[in-house]
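To start, the structure itself, in structure tokens.
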Amino acid sequence: MKRLNSFVVLFAFSFLCACNNQPTETTTNKDSINPQPPVATSIKNCYASISNTDTSLLEITVEADNHVTGNLQYKLSGKDSNTGTIKGLLKNDTLIADYILISEGKESKRQVAFIKTGNTLTEGYGSVEEVNGAMQFKKDAVMDYSKGIKFVLVNCKN
């Protein structure tokens with residue numbers, strides 16, 4: 001009988017201990033269930049072409065999706081200076097952008113093209129046509145980068 005009482009006491013004690021245990025909380029890493037998308041980054045670069053008589057400046061921001069925005073300024077000897085904004089797309093090493101500029105107080109729009117080689121962006125030229133009041137490269141235009149202004153990477157001014 002002692003043995004049965006000891007067994008009942010032991011069983012009751014085990015049952016009570018099991019009942020008093022709080023359920024364990026399972027934690028999950030919420031990021032593993034709902035991973036956060038990568039943070040989109042943008043890269044800002046500044047380029048300049050400076051000679052004894054001419055100054056051209058190009059400041060661009062390249063977004064993660066390769067869309068480019070920026071500012072472009074030409075001060076060329078014997079020509080009217082012009083300043084404006086660019087908006088375009090970088091594909092591999094080639095940037096094609098719309099340049100909205102102010103020259104002699106008049107706004108106009110034209111396409112610009114640059115090819116990237118190392119720390120240099122060289123402006124390209126090709127056959128253009130007017131479309132909706134803006135000059136743009138023809139679809140079959142062969143671009144020539146051999147005689148274009150060479151912009152060299154420089155530190156950006158804040």
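Each chain of the structure tokens is named A, B, ... in the order shown, its residues numbered from 1; ligands are numbered from 1 in display order.
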
* Test item: residues at most 6 Å from range 81-97 of chain A, only C-alpha atoms, excluding those fewer than 2 positions along its chain, as a ChimeraX atom specification -> /A:66-75,99-103,111-116

Residues as selected, N, CA and C atoms, written as a PDB file, in the first residue's frame, can you do that?
ATOM      1  N   ASN A  66      18.762  52.655 -62.414  1.00  0.00           N
ATOM      2  CA  ASN A  66      19.549  53.257 -63.493  1.00  0.00           C
ATOM      3  C   ASN A  66      18.910  54.487 -64.118  1.00  0.00           C
ATOM      4  N   HIS A  67      17.865  55.026 -63.510  1.00  0.00           N
ATOM      5  CA  HIS A  67      17.350  56.313 -63.959  1.00  0.00           C
ATOM      6  C   HIS A  67      18.295  57.398 -63.459  1.00  0.00           C
ATOM      7  N   VAL A  68      18.508  58.392 -64.288  1.00  0.00           N
ATOM      8  CA  VAL A  68      19.487  59.437 -63.996  1.00  0.00           C
ATOM      9  C   VAL A  68      18.803  60.795 -64.017  1.00  0.00           C
ATOM     10  N   THR A  69      19.131  61.615 -63.031  1.00  0.00           N
ATOM     11  CA  THR A  69      18.715  63.012 -63.015  1.00  0.00           C
ATOM     12  C   THR A  69      19.946  63.849 -62.715  1.00  0.00           C
ATOM     13  N   GLY A  70      19.890  65.114 -63.080  1.00  0.00           N
ATOM     14  CA  GLY A  70      21.042  65.952 -62.777  1.00  0.00           C
ATOM     15  C   GLY A  70      20.974  67.316 -63.417  1.00  0.00           C
ATOM     16  N   ASN A  71      22.123  67.978 -63.393  1.00  0.00           N
ATOM     17  CA  ASN A  71      22.272  69.329 -63.940  1.00  0.00           C
ATOM     18  C   ASN A  71      23.432  69.342 -64.916  1.00  0.00           C
ATOM     19  N   LEU A  72      23.268  70.110 -65.968  1.00  0.00           N
ATOM     20  CA  LEU A  72      24.300  70.227 -66.999  1.00  0.00           C
ATOM     21  C   LEU A  72      24.457  71.693 -67.358  1.00  0.00           C
ATOM     22  N   GLN A  73      25.714  72.137 -67.440  1.00  0.00           N
ATOM     23  CA  GLN A  73      25.993  73.545 -67.739  1.00  0.00           C
ATOM     24  C   GLN A  73      27.161  73.628 -68.720  1.00  0.00           C
ATOM     25  N   TYR A  74      26.956  74.441 -69.750  1.00  0.00           N
ATOM     26  CA  TYR A  74      28.016  74.698 -70.736  1.00  0.00           C
ATOM     27  C   TYR A  74      28.334  76.187 -70.728  1.00  0.00           C
ATOM     28  N   LYS A  75      29.620  76.512 -70.652  1.00  0.00           N
ATOM     29  CA  LYS A  75      30.105  77.880 -70.864  1.00  0.00           C
ATOM     30  C   LYS A  75      31.239  77.764 -71.874  1.00  0.00           C
ATOM     31  N   TYR A  99      17.653  66.915 -72.085  1.00  0.00           N
ATOM     32  CA  TYR A  99      18.291  68.097 -71.498  1.00  0.00           C
ATOM     33  C   TYR A  99      17.352  69.270 -71.707  1.00  0.00           C
ATOM     34  N   ILE A 100      16.798  69.771 -70.614  1.00  0.00           N
ATOM     35  CA  ILE A 100      15.931  70.950 -70.665  1.00  0.00           C
ATOM     36  C   ILE A 100      16.786  72.120 -70.210  1.00  0.00           C
ATOM     37  N   LEU A 101      17.013  73.058 -71.126  1.00  0.00           N
ATOM     38  CA  LEU A 101      17.984  74.113 -70.878  1.00  0.00           C
ATOM     39  C   LEU A 101      17.406  75.496 -71.072  1.00  0.00           C
ATOM     40  N   ILE A 102      18.076  76.443 -70.470  1.00  0.00           N
ATOM     41  CA  ILE A 102      17.756  77.855 -70.652  1.00  0.00           C
ATOM     42  C   ILE A 102      18.975  78.496 -71.310  1.00  0.00           C
ATOM     43  N   SER A 103      18.749  79.122 -72.455  1.00  0.00           N
ATOM     44  CA  SER A 103      19.805  79.833 -73.154  1.00  0.00           C
ATOM     45  C   SER A 103      19.208  81.130 -73.685  1.00  0.00           C
ATOM     46  N   GLN A 111      18.022  66.037 -76.709  1.00  0.00           N
ATOM     47  CA  GLN A 111      18.641  64.855 -76.119  1.00  0.00           C
ATOM     48  C   GLN A 111      20.148  65.024 -76.085  1.00  0.00           C
ATOM     49  N   VAL A 112      20.753  64.433 -75.064  1.00  0.00           N
ATOM     50  CA  VAL A 112      22.205  64.367 -74.955  1.00  0.00           C
ATOM     51  C   VAL A 112      22.591  62.908 -74.730  1.00  0.00           C
ATOM     52  N   ALA A 113      23.793  62.575 -75.126  1.00  0.00           N
ATOM     53  CA  ALA A 113      24.296  61.214 -74.959  1.00  0.00           C
ATOM     54  C   ALA A 113      25.722  61.270 -74.441  1.00  0.00           C
ATOM     55  N   PHE A 114      26.045  60.351 -73.543  1.00  0.00           N
ATOM     56  CA  PHE A 114      27.394  60.255 -72.989  1.00  0.00           C
ATOM     57  C   PHE A 114      27.761  58.787 -72.896  1.00  0.00           C
ATOM     58  N   ILE A 115      29.041  58.517 -73.137  1.00  0.00           N
ATOM     59  CA  ILE A 115      29.555  57.163 -72.944  1.00  0.00           C
ATOM     60  C   ILE A 115      30.575  57.224 -71.814  1.00  0.00           C
ATOM     61  N   LYS A 116      30.501  56.243 -70.912  1.00  0.00           N
ATOM     62  CA  LYS A 116      31.380  56.209 -69.742  1.00  0.00           C
ATOM     63  C   LYS A 116      32.563  55.294 -70.019  1.00  0.00           C
TER      64      LYS A 116
END

Using only C-alpha atoms, find each residue of range 42-133 of chain A with at least one atom at most 6 Å away from an atom of range 142-156 of chain A; report its shortest atom-to-atom pair and that distance in Å (one decimal), sort the rows by chain and rising residue number, and return the result as CSV.
residue,atom,partner,partner_atom,distance
A:Cys46,CA,A:Cys156,CA,5.3
A:Tyr47,CA,A:Leu153,CA,4.4
A:Ala48,CA,A:Phe151,CA,4.9
A:Ser49,CA,A:Phe151,CA,4.7
A:Asn119,CA,A:Leu153,CA,5.3
A:Thr120,CA,A:Val152,CA,4.6
A:Leu121,CA,A:Phe151,CA,5.0
A:Thr122,CA,A:Lys150,CA,4.4
A:Glu123,CA,A:Gly148,CA,4.6
A:Gly124,CA,A:Tyr145,CA,4.2
A:Tyr125,CA,A:Asp144,CA,5.2
A:Gly126,CA,A:Met143,CA,4.7

* Asked: If you run DSSP on this backbone, which residues of range 102-149 of chain A come out as strand (DSSP E), and could you give them as a list of chain:residue names?
  ->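 Filtering range 102-149 of chain A down to strand (DSSP E) leaves A:Ile102, A:Ser103, A:Lys106, A:Glu107, A:Ser108, A:Lys109, A:Arg110, A:Gln111, A:Val112, A:Ala113, A:Phe114, A:Ile115, A:Lys116, A:Thr117, A:Thr120, A:Leu121, A:Thr122, A:Glu123, A:Gly124, A:Val128, A:Glu129, A:Glu130, A:Val131, A:Ala134, A:Met135, A:Gln136, A:Phe137.
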
* **Top pick for closest residue to Ile43 in chain A, considering A:Met135, A:Val62, A:Arg110, A:Glu104 and counting only C-alpha atoms** =>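 Using only C-alpha atoms, the shortest distance to Ile43 in chain A belongs to A:Val62.
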
* One-decimal distance in Å that lies between CA of Ser127 in chain A and CA of Leu58 in chain A ->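 Value for the CA of Leu58 in chain A-CA of Ser127 in chain A distance: 22.6 Å.
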
* So, counting only C-alpha atoms, which residue among A:Ser77, A:Ser108, A:Ser42, A:Thr117 is closest to Ser56 in chain A? ->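 Of A:Ser77, A:Ser108, A:Ser42, A:Thr117, the one nearest Ser56 in chain A, counting only C-alpha atoms, is A:Ser77.
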
* In Å, rounded to a single decimal, give me how far CA of Lys79 in chain A is from CA of Asp98 in chain A. =>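 Pair CA of Asp98 in chain A / CA of Lys79 in chain A returns 20.8 Å.
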